[in-house]
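Visitor: Dropping in target_5.txt, which is compact mmCIF, C-alpha atoms:
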```
# COMPACT_ATOMS: atom_id res chain seq x y z
CA MET A 1 21.62 93.20 93.33
CA GLN A 2 20.51 93.14 96.95
CA THR A 3 22.17 90.95 99.59
CA GLN A 4 19.23 89.18 101.22
CA ARG A 5 19.33 85.43 101.94
CA GLN A 6 19.78 83.68 98.63
CA LYS A 7 16.78 81.59 97.70
CA HIS A 8 16.95 78.01 96.42
CA ILE A 9 16.21 77.65 92.70
CA VAL A 10 14.97 74.28 91.44
CA VAL A 11 14.69 73.70 87.70
CA ILE A 12 12.36 70.88 86.67
CA GLY A 13 13.17 70.25 83.05
CA SER A 14 15.00 68.59 80.21
CA TYR A 15 18.51 67.58 79.40
CA ASN A 16 19.23 67.00 75.70
CA VAL A 17 22.46 66.48 73.84
CA GLY A 18 22.57 68.94 70.94
CA PHE A 19 23.76 68.22 67.40
CA ILE A 20 24.51 71.54 65.71
CA CYS A 21 25.12 72.34 62.06
CA SER A 22 25.32 75.58 60.08
CA THR A 23 23.38 75.76 56.83
CA PRO A 24 22.47 78.57 54.38
CA ARG A 25 18.88 77.27 54.33
CA LEU A 26 16.79 74.29 55.35
CA PRO A 27 16.23 71.49 52.83
CA VAL A 28 12.78 70.67 51.50
CA TRP A 29 11.47 67.10 51.86
CA GLY A 30 13.52 64.69 49.75
CA GLU A 31 16.42 67.13 49.33
CA THR A 32 19.97 66.86 50.68
CA ILE A 33 22.10 69.97 51.14
CA LEU A 34 25.57 70.54 52.55
CA GLY A 35 26.10 72.10 55.97
CA SER A 36 29.23 72.98 57.89
CA GLY A 37 30.69 73.39 61.36
CA PHE A 38 29.08 70.31 62.94
CA SER A 39 29.44 70.06 66.72
CA VAL A 40 27.95 68.16 69.65
CA CYS A 41 27.03 70.05 72.80
CA ASP A 42 25.05 69.88 76.02
CA GLY A 43 21.53 71.29 75.80
CA GLY A 44 17.92 71.00 76.83
CA LYS A 45 16.00 74.01 78.04
CA GLY A 46 15.89 72.94 81.67
CA SER A 47 19.57 72.03 81.83
CA ASN A 48 20.55 75.28 80.10
CA GLN A 49 18.52 77.34 82.55
CA ALA A 50 19.92 75.52 85.56
CA VAL A 51 23.51 76.05 84.41
CA ALA A 52 22.83 79.70 83.56
CA ALA A 53 21.57 80.38 87.08
CA SER A 54 24.30 78.35 88.76
CA LYS A 55 27.19 79.97 86.87
CA LEU A 56 25.85 83.36 87.93
CA GLY A 57 26.11 82.29 91.55
CA GLY A 58 22.67 80.80 92.17
CA ASN A 59 21.89 77.99 94.60
CA VAL A 60 20.47 75.62 91.98
CA SER A 61 19.16 72.04 91.84
CA PHE A 62 17.99 70.20 88.73
CA ILE A 63 15.24 67.59 88.50
CA GLY A 64 15.16 65.63 85.25
CA CYS A 65 15.63 62.22 83.62
CA VAL A 66 18.39 61.02 81.30
CA GLY A 67 19.12 57.72 79.59
CA ASN A 68 21.59 55.15 80.85
CA ASP A 69 24.00 56.02 78.04
CA ALA A 70 27.15 58.03 77.43
CA TYR A 71 25.21 61.20 76.63
CA GLY A 72 23.25 61.01 79.88
CA LYS A 73 26.34 60.35 81.99
CA SER A 74 28.27 63.23 80.44
CA GLY A 75 25.26 65.53 80.81
CA VAL A 76 24.92 64.86 84.53
CA GLU A 77 28.66 65.39 85.00
CA MET A 78 28.46 68.70 83.10
CA LEU A 79 25.67 69.88 85.43
CA ARG A 80 27.68 68.83 88.47
CA GLN A 81 30.78 70.64 87.22
CA ALA A 82 28.67 73.79 86.71
CA GLY A 83 27.73 73.70 90.39
CA VAL A 84 24.19 72.35 89.93
CA ASN A 85 22.91 69.85 92.51
CA VAL A 86 21.99 66.68 90.57
CA ASP A 87 20.85 64.44 93.45
CA ASP A 88 17.30 64.35 92.00
CA VAL A 89 18.21 63.47 88.41
CA SER A 90 16.70 60.09 87.43
CA VAL A 91 18.26 57.59 85.01
CA SER A 92 15.98 55.59 82.70
CA PRO A 93 17.12 52.02 81.92
CA THR A 94 14.99 51.91 78.77
CA ALA A 95 14.86 55.31 77.03
CA ALA A 96 17.74 57.14 75.38
CA THR A 97 18.83 60.57 76.54
CA GLY A 98 16.93 63.36 74.78
CA VAL A 99 18.43 64.90 71.66
CA GLY A 100 18.09 68.24 69.89
CA PHE A 101 19.01 68.97 66.27
CA VAL A 102 19.98 72.64 65.86
CA PHE A 103 20.35 74.36 62.49
CA LEU A 104 22.02 77.79 62.30
CA ASN A 105 22.01 80.28 59.43
CA GLU A 106 24.59 82.96 58.65
CA ARG A 107 22.64 85.55 60.69
CA GLY A 108 22.95 83.48 63.86
CA GLU A 109 19.25 82.52 63.82
CA ASN A 110 18.29 78.96 64.65
CA CYS A 111 15.60 76.33 64.32
CA ILE A 112 15.51 73.21 66.48
CA VAL A 113 13.97 69.73 66.35
CA VAL A 114 13.82 67.86 69.69
CA ASP A 115 13.28 64.16 70.49
CA PRO A 116 12.53 64.19 74.26
CA GLY A 117 13.60 60.58 74.90
CA ALA A 118 14.09 60.00 78.64
CA ASN A 119 12.84 63.49 79.47
CA HIS A 120 9.29 62.18 79.09
CA LEU A 121 9.93 59.44 81.63
CA LEU A 122 10.12 61.89 84.50
CA LEU A 123 6.64 61.06 85.83
CA PRO A 124 4.23 63.05 88.04
CA GLU A 125 4.54 60.64 90.96
CA ASP A 126 8.33 61.00 90.86
CA LEU A 127 8.09 64.62 91.96
CA GLU A 128 6.41 63.83 95.26
CA THR A 129 9.62 62.24 96.57
CA LYS A 130 12.10 64.84 95.26
CA GLU A 131 13.65 66.52 98.28
CA SER A 132 14.96 69.50 96.31
CA LEU A 133 11.45 70.38 95.15
CA GLN A 134 10.21 70.38 98.72
CA ASN A 135 13.07 72.70 99.77
CA ALA A 136 12.78 75.08 96.82
CA ASP A 137 11.90 78.77 96.96
CA ILE A 138 11.74 79.28 93.19
CA LEU A 139 10.60 76.61 90.72
CA VAL A 140 11.38 76.90 87.00
CA PHE A 141 9.47 74.92 84.32
CA GLN A 142 9.50 74.62 80.53
CA LEU A 143 7.63 72.28 78.15
CA GLU A 144 10.16 69.60 77.18
CA ASN A 145 8.92 67.14 79.82
CA HIS A 146 5.65 65.23 80.06
CA ILE A 147 2.82 67.75 80.43
CA GLU A 148 1.29 65.90 83.40
CA THR A 149 4.63 66.01 85.22
CA ILE A 150 4.86 69.76 84.66
CA ARG A 151 1.32 70.22 85.93
CA LYS A 152 1.99 68.11 89.03
CA GLY A 153 5.15 70.05 89.83
CA MET A 154 3.34 73.35 89.48
CA GLU A 155 0.49 72.15 91.68
CA LEU A 156 2.92 71.08 94.40
CA GLY A 157 4.72 74.41 94.14
CA LYS A 158 1.53 76.45 94.18
CA LYS A 159 0.26 74.58 97.24
CA SER A 160 3.50 75.35 99.07
CA GLY A 161 3.53 79.04 98.11
CA LYS A 162 6.65 78.88 95.93
CA THR A 163 7.46 81.33 93.14
CA ILE A 164 6.83 79.52 89.85
CA ILE A 165 8.55 80.72 86.67
CA PHE A 166 7.02 79.17 83.56
CA ASN A 167 8.95 79.42 80.29
CA PRO A 168 6.30 78.14 77.82
CA ALA A 169 8.61 76.64 75.22
CA PRO A 170 8.08 74.88 72.94
CA ALA A 171 4.67 76.57 73.10
CA SER A 172 1.30 75.12 72.18
CA PRO A 173 -2.30 76.33 72.59
CA GLY A 174 -4.38 75.10 75.50
CA LEU A 175 -2.03 75.80 78.39
CA ASP A 176 -4.42 77.94 80.41
CA ASP A 177 -4.20 75.74 83.50
CA LEU A 178 -0.40 75.87 83.57
CA ILE A 179 -0.44 79.63 83.06
CA GLY A 180 -2.90 79.91 85.94
CA LEU A 181 -0.59 77.92 88.24
CA SER A 182 2.38 80.17 87.43
CA SER A 183 3.69 83.25 89.19
CA ILE A 184 5.65 84.56 86.19
CA VAL A 185 5.24 83.51 82.54
CA THR A 186 8.11 84.24 80.11
CA PRO A 187 7.12 83.69 76.45
CA ASN A 188 8.98 85.14 73.50
CA GLU A 189 6.96 86.89 70.81
CA SER A 190 6.11 83.79 68.78
CA GLU A 191 5.22 81.83 71.93
CA LEU A 192 3.01 84.69 73.06
CA LEU A 193 1.12 84.48 69.76
CA ILE A 194 0.77 80.68 70.01
CA LEU A 195 -0.53 80.88 73.59
CA ASN A 196 -3.22 83.23 72.31
CA GLY A 197 -4.14 80.98 69.36
CA LEU A 198 -2.54 83.25 66.74
CA ASP A 199 -0.14 82.75 63.81
CA PRO A 200 3.41 82.69 65.23
CA SER A 201 4.97 83.83 61.95
CA SER A 202 3.82 87.44 62.38
CA THR A 203 5.77 90.09 64.31
CA PRO A 204 3.67 91.73 67.04
CA SER A 205 4.11 95.39 67.93
CA THR A 206 4.76 96.52 71.49
CA GLU A 207 1.07 97.34 71.79
CA ASP A 208 0.14 93.87 70.52
CA CYS A 209 2.50 92.27 73.04
CA GLU A 210 1.00 94.18 75.94
CA ARG A 211 -2.56 93.39 74.86
CA LEU A 212 -1.81 89.67 74.46
CA ALA A 213 0.16 89.57 77.72
CA ARG A 214 -2.83 91.05 79.57
CA ILE A 215 -5.00 88.25 78.19
CA LEU A 216 -2.57 85.78 79.80
CA LEU A 217 -2.59 87.78 83.03
CA ARG A 218 -6.31 87.23 83.32
CA LYS A 219 -5.63 83.50 83.57
CA GLY A 220 -3.86 83.94 86.92
CA PRO A 221 -0.12 84.78 86.90
CA GLU A 222 1.25 87.84 88.66
CA ALA A 223 3.42 88.91 85.71
CA VAL A 224 4.06 88.15 82.05
CA ILE A 225 7.51 88.92 80.62
CA VAL A 226 7.67 88.92 76.82
CA THR A 227 11.22 88.44 75.56
CA ARG A 228 11.78 90.28 72.27
CA GLY A 229 15.35 89.57 71.17
CA GLU A 230 17.32 92.70 70.36
CA LYS A 231 14.34 94.79 71.50
CA GLY A 232 14.75 93.55 75.06
CA ALA A 233 11.70 92.54 77.07
CA LEU A 234 8.26 93.79 78.03
CA LEU A 235 7.22 93.32 81.66
CA VAL A 236 3.44 93.38 82.12
CA THR A 237 1.66 93.25 85.47
CA ALA A 238 -1.87 94.16 86.52
CA ASP A 239 -0.72 97.67 87.44
CA ASP A 240 2.02 98.46 84.96
CA SER A 241 3.81 97.79 81.69
CA VAL A 242 7.57 98.34 81.48
CA ILE A 243 9.75 98.23 78.36
CA VAL A 244 13.19 96.90 79.30
CA PRO A 245 15.76 97.51 76.53
CA ALA A 246 18.60 95.13 75.74
CA PRO A 247 22.17 96.34 75.09
CA ARG A 248 23.39 96.39 71.51
CA VAL A 249 25.76 93.50 70.86
CA ASN A 250 27.27 91.60 67.94
CA VAL A 251 24.99 88.56 67.56
CA VAL A 252 26.81 85.30 66.87
CA ASP A 253 24.34 82.60 67.96
CA THR A 254 20.84 83.10 69.42
CA THR A 255 20.36 79.45 70.46
CA GLY A 256 20.64 80.03 74.20
CA ALA A 257 19.13 83.49 74.44
CA GLY A 258 15.81 82.51 76.01
CA ASP A 259 17.31 79.97 78.41
CA SER A 260 20.02 82.37 79.59
CA PHE A 261 17.34 85.02 80.14
CA THR A 262 15.25 82.65 82.27
CA GLY A 263 18.27 81.53 84.30
CA GLY A 264 19.31 85.14 84.84
CA LEU A 265 15.80 86.10 85.90
CA ALA A 266 15.67 83.26 88.45
CA VAL A 267 19.04 84.07 90.01
CA ALA A 268 18.28 87.80 90.23
CA LEU A 269 15.01 87.07 92.00
CA SER A 270 16.79 84.59 94.27
CA ASP A 271 19.17 87.35 95.33
CA GLY A 272 16.29 89.67 96.24
CA SER A 273 16.03 91.94 93.19
CA SER A 274 12.75 93.62 92.36
CA LEU A 275 10.99 92.18 89.31
CA PRO A 276 11.88 95.13 87.01
CA ASP A 277 15.54 94.96 88.07
CA ALA A 278 15.53 91.18 87.63
CA VAL A 279 14.22 91.60 84.07
CA ARG A 280 16.96 94.14 83.31
CA PHE A 281 19.56 91.75 84.70
CA ALA A 282 18.14 88.90 82.60
CA CYS A 283 18.22 91.02 79.42
CA TYR A 284 21.94 91.61 79.92
CA VAL A 285 22.55 87.91 80.57
CA GLY A 286 20.73 87.06 77.34
CA ALA A 287 22.71 89.69 75.45
CA PHE A 288 26.00 88.24 76.71
CA CYS A 289 24.99 84.74 75.65
CA VAL A 290 24.23 85.62 72.00
CA THR A 291 27.72 87.05 71.48
CA LYS A 292 29.20 83.53 71.65
CA GLU A 293 28.64 80.18 69.93
CA ASP A 294 26.74 77.24 71.44
CA VAL A 295 24.88 77.57 74.75
CA ILE A 296 26.68 76.15 77.81
CA PRO A 297 30.08 77.65 76.83
CA ALA A 298 28.34 81.01 76.22
CA LEU A 299 26.78 81.25 79.67
CA PRO A 300 28.70 83.74 81.83
CA ASN A 301 30.00 83.31 85.33
CA ARG A 302 29.80 86.25 87.75
CA GLU A 303 33.21 87.65 86.83
CA GLU A 304 32.57 87.50 83.07
CA PHE A 305 29.15 89.02 83.50
CA HIS A 306 30.47 91.84 85.70
CA SER A 307 33.05 92.75 83.03
CA PHE A 308 30.30 92.70 80.38
CA LEU A 309 28.13 94.99 82.50
CA LEU A 310 30.97 97.48 82.90
CA GLN A 311 31.39 97.57 79.12
CA CYS A 312 27.66 97.94 78.39
CA ALA A 313 26.16 99.75 81.36
CA GLY A 314 29.18 101.44 82.94
CA PRO A 315 30.33 101.54 86.57
CA ASN A 316 27.00 102.95 87.78
CA SER A 317 25.04 99.80 86.94
CA VAL A 318 22.48 98.93 89.63
CA PHE A 319 23.43 95.23 89.52
```
What's the structure tokens form of this structure?

Guide:
Amino acid sequence: MQTQRQKHIVVIGSYNVGFICSTPRLPVWGETILGSGFSVCDGGKGSNQAVAASKLGGNVSFIGCVGNDAYGKSGVEMLRQAGVNVDDVSVSPTAATGVGFVFLNERGENCIVVDPGANHLLLPEDLETKESLQNADILVFQLENHIETIRKGMELGKKSGKTIIFNPAPASPGLDDLIGLSSIVTPNESELLILNGLDPSSTPSTEDCERLARILLRKGPEAVIVTRGEKGALLVTADDSVIVPAPRVNVVDTTGAGDSFTGGLAVALSDGSSLPDAVRFACYVGAFCVTKEDVIPALPNREEFHSFLLQCAGPNSVF
């Protein structure tokens, strides 16, 4: 990547503690089945993305809210140890730290249930006093905080001319105003369908993805990046559409794929990469992450990522 002045990345988002269990299938209502491999880990889309960018060498701050409990304290310490500035993390005296319940099958696929807890007590008015937001170059948002807080943060960022990356997850219809406030929107295929009011259980073709991404473009962002798992990503702008392949890897756990992609995208842009190169970089970060279990332990530092690139892309990689 290029060597311009590194930009300041600020992630406004969630911290959740994750409870993970492997299971051959999900139970139906009223049924109990046996799982295996239970573990507890750090999570939350915002926290994951902040750590992903920081471990790759980004200048990263995190704005969020945790509970005044053991999970919240350990989560903030984890962020600090990963090199993330946590000066603007709030602590709620009343709400518990957010939790996520993650179920994995034998193919490494996951489904997740989230209780936001204290994440929803980060309020719109809180953002006006956050120094890191005022000093940011790149703002990153998801949808695990209160929707009005997300909107307020985007409005402040838009007014100040900051680059706004919006990862619309967990997606819902009716987000046109947030899409319009964004610079870059990064849905996966199912989120892309939901944002367009369609059934998320179908699998869109490349042509479908481009068509639906262009509908989102008309709402105001400069680019839409559709993440497509092992198929890589599709970058769509007003002038172009670029298919960015992902390297072939042995998939172990897809839980952190989207968050690692978003963190990688932010840090590549902060280092001065062009958008197509930043998407390529992010695809490789996501590919690295799915080769390991859990999320935070699977996020690479610069040295690990460089070794991975040499294996996958060879010594002539542009990164």

Visitor: Contacts between segment 56-68 of chain A and segment 75-146 of chain A, please, where a residue of segment 75-146 of chain A counts if it comes within 10 Å (with all atoms listed in the file); show its shortest atom pair and distance in Å to one decimal, rows by chain and ascending number, as JSON lines.

Guide:
```
{"residue": "A:Gly75", "atom": "CA", "partner": "A:Val66", "partner_atom": "CA", "distance": 8.2}
{"residue": "A:Val76", "atom": "CA", "partner": "A:Val66", "partner_atom": "CA", "distance": 8.2}
{"residue": "A:Leu79", "atom": "CA", "partner": "A:Phe62", "partner_atom": "CA", "distance": 8.4}
{"residue": "A:Arg80", "atom": "CA", "partner": "A:Ser61", "partner_atom": "CA", "distance": 9.7}
{"residue": "A:Ala82", "atom": "CA", "partner": "A:Val60", "partner_atom": "CA", "distance": 9.9}
{"residue": "A:Gly83", "atom": "CA", "partner": "A:Val60", "partner_atom": "CA", "distance": 7.7}
{"residue": "A:Val84", "atom": "CA", "partner": "A:Val60", "partner_atom": "CA", "distance": 5.4}
{"residue": "A:Asn85", "atom": "CA", "partner": "A:Ser61", "partner_atom": "CA", "distance": 4.4}
{"residue": "A:Val86", "atom": "CA", "partner": "A:Phe62", "partner_atom": "CA", "distance": 5.6}
{"residue": "A:Asp87", "atom": "CA", "partner": "A:Ser61", "partner_atom": "CA", "distance": 8.0}
{"residue": "A:Asp88", "atom": "CA", "partner": "A:Ile63", "partner_atom": "CA", "distance": 5.2}
{"residue": "A:Val89", "atom": "CA", "partner": "A:Gly64", "partner_atom": "CA", "distance": 4.9}
{"residue": "A:Ser90", "atom": "CA", "partner": "A:Cys65", "partner_atom": "CA", "distance": 4.5}
{"residue": "A:Val91", "atom": "CA", "partner": "A:Val66", "partner_atom": "CA", "distance": 5.1}
{"residue": "A:Ser92", "atom": "CA", "partner": "A:Gly67", "partner_atom": "CA", "distance": 4.9}
{"residue": "A:Pro93", "atom": "CA", "partner": "A:Asn68", "partner_atom": "CA", "distance": 5.6}
{"residue": "A:Thr94", "atom": "CA", "partner": "A:Gly67", "partner_atom": "CA", "distance": 7.2}
{"residue": "A:Ala95", "atom": "CA", "partner": "A:Gly67", "partner_atom": "CA", "distance": 5.5}
{"residue": "A:Ala96", "atom": "CA", "partner": "A:Gly67", "partner_atom": "CA", "distance": 4.5}
{"residue": "A:Thr97", "atom": "CA", "partner": "A:Gly67", "partner_atom": "CA", "distance": 4.2}
{"residue": "A:Gly98", "atom": "CA", "partner": "A:Val66", "partner_atom": "CA", "distance": 7.1}
{"residue": "A:Pro116", "atom": "CA", "partner": "A:Val66", "partner_atom": "CA", "distance": 9.7}
{"residue": "A:Gly117", "atom": "CA", "partner": "A:Gly67", "partner_atom": "CA", "distance": 7.8}
{"residue": "A:Ala118", "atom": "CA", "partner": "A:Val66", "partner_atom": "CA", "distance": 5.2}
{"residue": "A:Asn119", "atom": "CA", "partner": "A:Cys65", "partner_atom": "CA", "distance": 5.2}
{"residue": "A:His120", "atom": "CA", "partner": "A:Cys65", "partner_atom": "CA", "distance": 7.8}
{"residue": "A:Leu121", "atom": "CA", "partner": "A:Cys65", "partner_atom": "CA", "distance": 6.6}
{"residue": "A:Leu122", "atom": "CA", "partner": "A:Cys65", "partner_atom": "CA", "distance": 5.6}
{"residue": "A:Leu123", "atom": "CA", "partner": "A:Cys65", "partner_atom": "CA", "distance": 9.3}
{"residue": "A:Asp126", "atom": "CA", "partner": "A:Ile63", "partner_atom": "CA", "distance": 9.8}
{"residue": "A:Leu127", "atom": "CA", "partner": "A:Ile63", "partner_atom": "CA", "distance": 8.5}
{"residue": "A:Lys130", "atom": "CA", "partner": "A:Ile63", "partner_atom": "CA", "distance": 7.9}
{"residue": "A:Glu131", "atom": "CA", "partner": "A:Ile63", "partner_atom": "CA", "distance": 10.0}
{"residue": "A:Ser132", "atom": "CA", "partner": "A:Ser61", "partner_atom": "CA", "distance": 6.6}
{"residue": "A:Leu133", "atom": "CA", "partner": "A:Ile63", "partner_atom": "CA", "distance": 8.1}
{"residue": "A:Ala136", "atom": "CA", "partner": "A:Ser61", "partner_atom": "CA", "distance": 8.6}
{"residue": "A:Ile138", "atom": "CA", "partner": "A:Val60", "partner_atom": "CA", "distance": 9.5}
{"residue": "A:Leu139", "atom": "CA", "partner": "A:Ser61", "partner_atom": "CA", "distance": 9.8}
{"residue": "A:Val140", "atom": "CA", "partner": "A:Phe62", "partner_atom": "CA", "distance": 9.6}
{"residue": "A:Asn145", "atom": "CA", "partner": "A:Gly64", "partner_atom": "CA", "distance": 8.4}
```

Visitor: At a cut-off of 8 Å, using only C-alpha atoms, what residues contact Cys209 of chain A? Leave out same-chain residues fewer than 3 positions from it and give the result as a PyMOL selection string.

Guide: chain A and resi 189+192+204-206+212-213+226+234

Visitor: Enter the distance from atom CA of Ser47 of chain A to atom CA of Asn105 of chain A, in Å, rounded to one decimal.

Guide: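 Calculated distance between atom CA of Ser47 of chain A and atom CA of Asn105 of chain A is 24.0 Å.
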
Visitor: Provide the atom CA of Glu144 of chain A to atom CA of Pro276 of chain A distance in Å, to one decimal place.

Guide: 27.4 Å

Visitor: Using Å and a single decimal, report how far atom CA of Ile164 of chain A sits from atom CA of Thr291 of chain A.

Guide: 28.8 Å

Visitor: So which residues touch Pro200 of chain A within 12 Å, counting all atoms listed in the file, skipping near sequence neighbours fewer than 6 positions away, as an MDAnalysis selection string?

Guide: chainID A and resid 170:173 187:194

Visitor: Just checking: using all atoms listed in the file, which residue out of A:Ile243, A:Ile225, A:Leu175, A:Ala169 ends up closest to Arg151 of chain A?

Guide: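 Nearest to Arg151 of chain A: A:Leu175.
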